[in-house]
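**Q** The structure follows.
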Amino acid sequence: MPATPVLLAGNMCDARLWTEEVRAALPGAVDADLSQDDSVAVMADRALAAVEGALLPVGFSMGGIVALAMAERAPERMAGLVLLDTNASADLPERAAARPRQQAEVRAGALERVVVEELKPNYLAAANRGDAAMLALLREMALALGPDVFVRQSEALRTRPDLRHVLPALDAPVLLMCGAEDRLCPPDWHQALAGDARVATLHVVQDAGHMLPLEQPAALAAALTSWTKDLA
């Protein structure tokens with residue numbers, strides 16, 4: 001691997017998002033800390049400062065947004081970019097409008113309700129919505145991170161800039177993957193991103209929704225192994 005892979009998890013996800021087989025496809029990977037800041041820009045700066053030299057950001061959902069911000073700030077350090085189930089634009093108006101209410105509810109003690117009822121059920125493919133272990137893990141990761149992290153990450157998402165200009169200017173290969181049933185960041189968004197990038201590979205994975213790393217880890221690991229081999 002010519003660069004250090006940096007794993008950037010999604011909103012209210014921790015290191016458990018990345019399964020052993022995915023980690024095995026990215027030897028030497030380090031986990032970025034996206035729990036401390038309420039700004040995508042500051043998250044990106046923290047991740048860049050944590051590792052020296054060439055990088056391979058691997059970002060899922062919110063982590064993909066941070067990966068794009070890293071590439072904007074330090075394009076010369078990017079050996080490549082992996083974007084999973086993500087969105088390069090600013091927050092959609094309807095989502096931005098809902099976040100202050102969710103933040104207030106979480107501050108008042110309703111983190112579990114917001115996560116279980118409003119967020120995570122919409123993330124999975126139809127075949128996985130009854131997967132008790134997966135649903136439990138999504139709940140456990142969110143509760144382990146806690147309300148303060150929820151509020152910070154929610155605010156970072158609400159105030160994030162439009163980053164669609166990053167890929168057309170980036171002189172590094174990009175791997176884009178998403179679930180075919182991702183309703184949060186649908187496949188056509190990723191097709192547009194692939195069209196914007198100078199060199200891009202796109203995989204749309206069947207039987208996966210927004211939580212691709214958990215829903216289809218074998219497919220993700222296989223794609224990473226093949227793509228990083230070509231990258232090297």
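In the structure tokens, chains take letters A, B, ... by order of appearance, with residues numbered from 1 within each chain and ligands from 1 in the order shown.
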Counting only C-alpha atoms, what are the residues of region 37-136 of chain A within 6 Å of region 168-181 of chain A, and for each of them which pair of atoms is the nearest and at what distance in Å, to one decimal? Sort the table by chain and rising number, as a tab-separated table.

**A**
```
residue	atom	partner	partner_atom	distance
A:Gly80	CA	A:Pro173	CA	5.0
A:Leu81	CA	A:Val174	CA	4.8
A:Val82	CA	A:Leu175	CA	4.7
A:Leu83	CA	A:Leu176	CA	4.9
A:Leu84	CA	A:Met177	CA	4.9
A:Asp85	CA	A:Cys178	CA	4.6
A:Ala125	CA	A:Glu181	CA	5.5
```

**Q** With distances taken over only C-alpha atoms, which residue among A:Leu56, A:Val51, A:Ala32, A:Leu124 lies nearest Trp227 (chain A)?

**A** A:Leu56

**Q** I want to know what sits within 9 Å of Leu224 (chain A), based on only C-alpha atoms, with residues of the same chain fewer than 5 positions away left out; could you give that as a PyMOL selection string?

**A** chain A and resi 22+25-26+82+175+219+229

**Q** Limited to C-alpha atoms, could you put the picked residues into a file as a compact mmCIF listing (two decimals), in the first residue's frame?

**A**
```txt
# COMPACT_ATOMS: atom_id res chain seq x y z
CA VAL A 22 -12.79 -4.80 5.30
CA ALA A 25 -8.32 -5.29 2.67
CA LEU A 26 -6.70 -2.10 3.99
CA VAL A 82 -12.70 6.02 -1.45
CA LEU A 175 -13.43 4.57 -5.89
CA ALA A 219 -18.39 -7.00 -1.56
CA LYS A 229 -3.93 -3.50 -6.00
```

**Q** Please provide the set of residues having any atom within 7 Å of region 139-150 of chain A, restricted to only C-alpha atoms, with same-chain residues fewer than 3 positions apart removed, written as a list in words.

**A**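 Final neighbour list, sorted by chain and number: Met12, Cys13, Asp14, Ser35, Val106, Arg107, Leu111, Glu112, Val115, Val116, Leu135, Ala136, Gln153 and Ser154 of chain A.
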
**Q** I need the chosen residues saved as a CSV table (one decimal), in the first residue's frame, with C-alpha atoms.

**A**
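File part_8.csv, as written:
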```csv
chain,number,residue,atom,x,y,z
A,12,MET,CA,-22.9,8.2,15.0
A,13,CYS,CA,-20.8,5.2,13.9
A,14,ASP,CA,-17.6,4.1,15.6
A,35,SER,CA,-16.3,12.8,17.4
A,106,VAL,CA,-31.2,14.6,22.0
A,107,ARG,CA,-30.1,17.3,24.5
A,111,LEU,CA,-31.0,10.1,21.7
A,112,GLU,CA,-32.2,6.5,21.5
A,115,VAL,CA,-31.6,7.1,16.4
A,116,VAL,CA,-34.0,4.1,16.5
A,135,LEU,CA,-30.0,-2.9,14.1
A,136,ALA,CA,-28.6,-3.6,17.6
A,153,GLN,CA,-21.9,15.8,14.2
A,154,SER,CA,-25.4,17.0,13.4
```

**Q** Give the alpha helix (DSSP H) residues of region 6-102 of chain A, as assigned by DSSP on the backbone, as a ChimeraX atom specification.

**A** /A:20-24,40-50,62-73,93-102

**Q** Please provide the set of residues having any atom within 12 Å of region 160-166 of chain A, restricted to only C-alpha atoms, with same-chain residues fewer than 6 positions apart removed, written as a PyMOL selection string.

**A** chain A and resi 38-44+62+64-75+81+86-92+96+153-154+172+174+189-190+192-198

**Q** Tell me which of A:Glu117, A:Val30, A:Val58, A:Gly53 sits closest to Ala221 (chain A), counting only C-alpha atoms.

**A**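 Among A:Glu117, A:Val30, A:Val58, A:Gly53, it is A:Val58 that comes nearest to Ala221 (chain A).
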
**Q** Using only C-alpha atoms, which of A:Thr201, A:Asp188, A:Ala127, A:Gly59 sits nearest Asp230 (chain A)?

**A**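 Nearest candidate to Asp230 (chain A) out of A:Thr201, A:Asp188, A:Ala127, A:Gly59: A:Thr201.
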
**Q** From a DSSP calculation on the backbone, collect every residue of region 16-228 of chain A in strand (DSSP E) and output the set as a ChimeraX atom specification.

**A** /A:30-31,55-60,81-84,174-179,200-205

**Q** My list of candidates is A:Ala50, A:Leu231, A:Leu184, A:Ala223. Which is closest to Met211 (chain A) when distances are computed with only C-alpha atoms?

**A** A:Leu184

**Q** For Gly63 (chain A), which residue out of A:Leu7, A:Leu17, A:Ala110, A:Val151 is the nearest one, using only C-alpha atoms?

**A**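 Smallest distance to Gly63 (chain A) is found for A:Leu7.
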
**Q** Between CA of Asp33 (chain A) and CA of Thr4 (chain A), what distance in Å does the model show, to one decimal?

**A** 15.3 Å

**Q** I need the residue nearest Asp131 (chain A) from this list: A:Glu215, A:Glu20, A:Glu76, A:Asp37. Use only C-alpha atoms for the distance.

**A**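 Nearest candidate to Asp131 (chain A) out of A:Glu215, A:Glu20, A:Glu76, A:Asp37: A:Glu215.
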
**Q** Quick check, in Å to one decimal: how far apart do CA of Ala218 (chain A) and CA of Glu21 (chain A) lie?

**A**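 Separation between CA of Ala218 (chain A) and CA of Glu21 (chain A): 6.8 Å.
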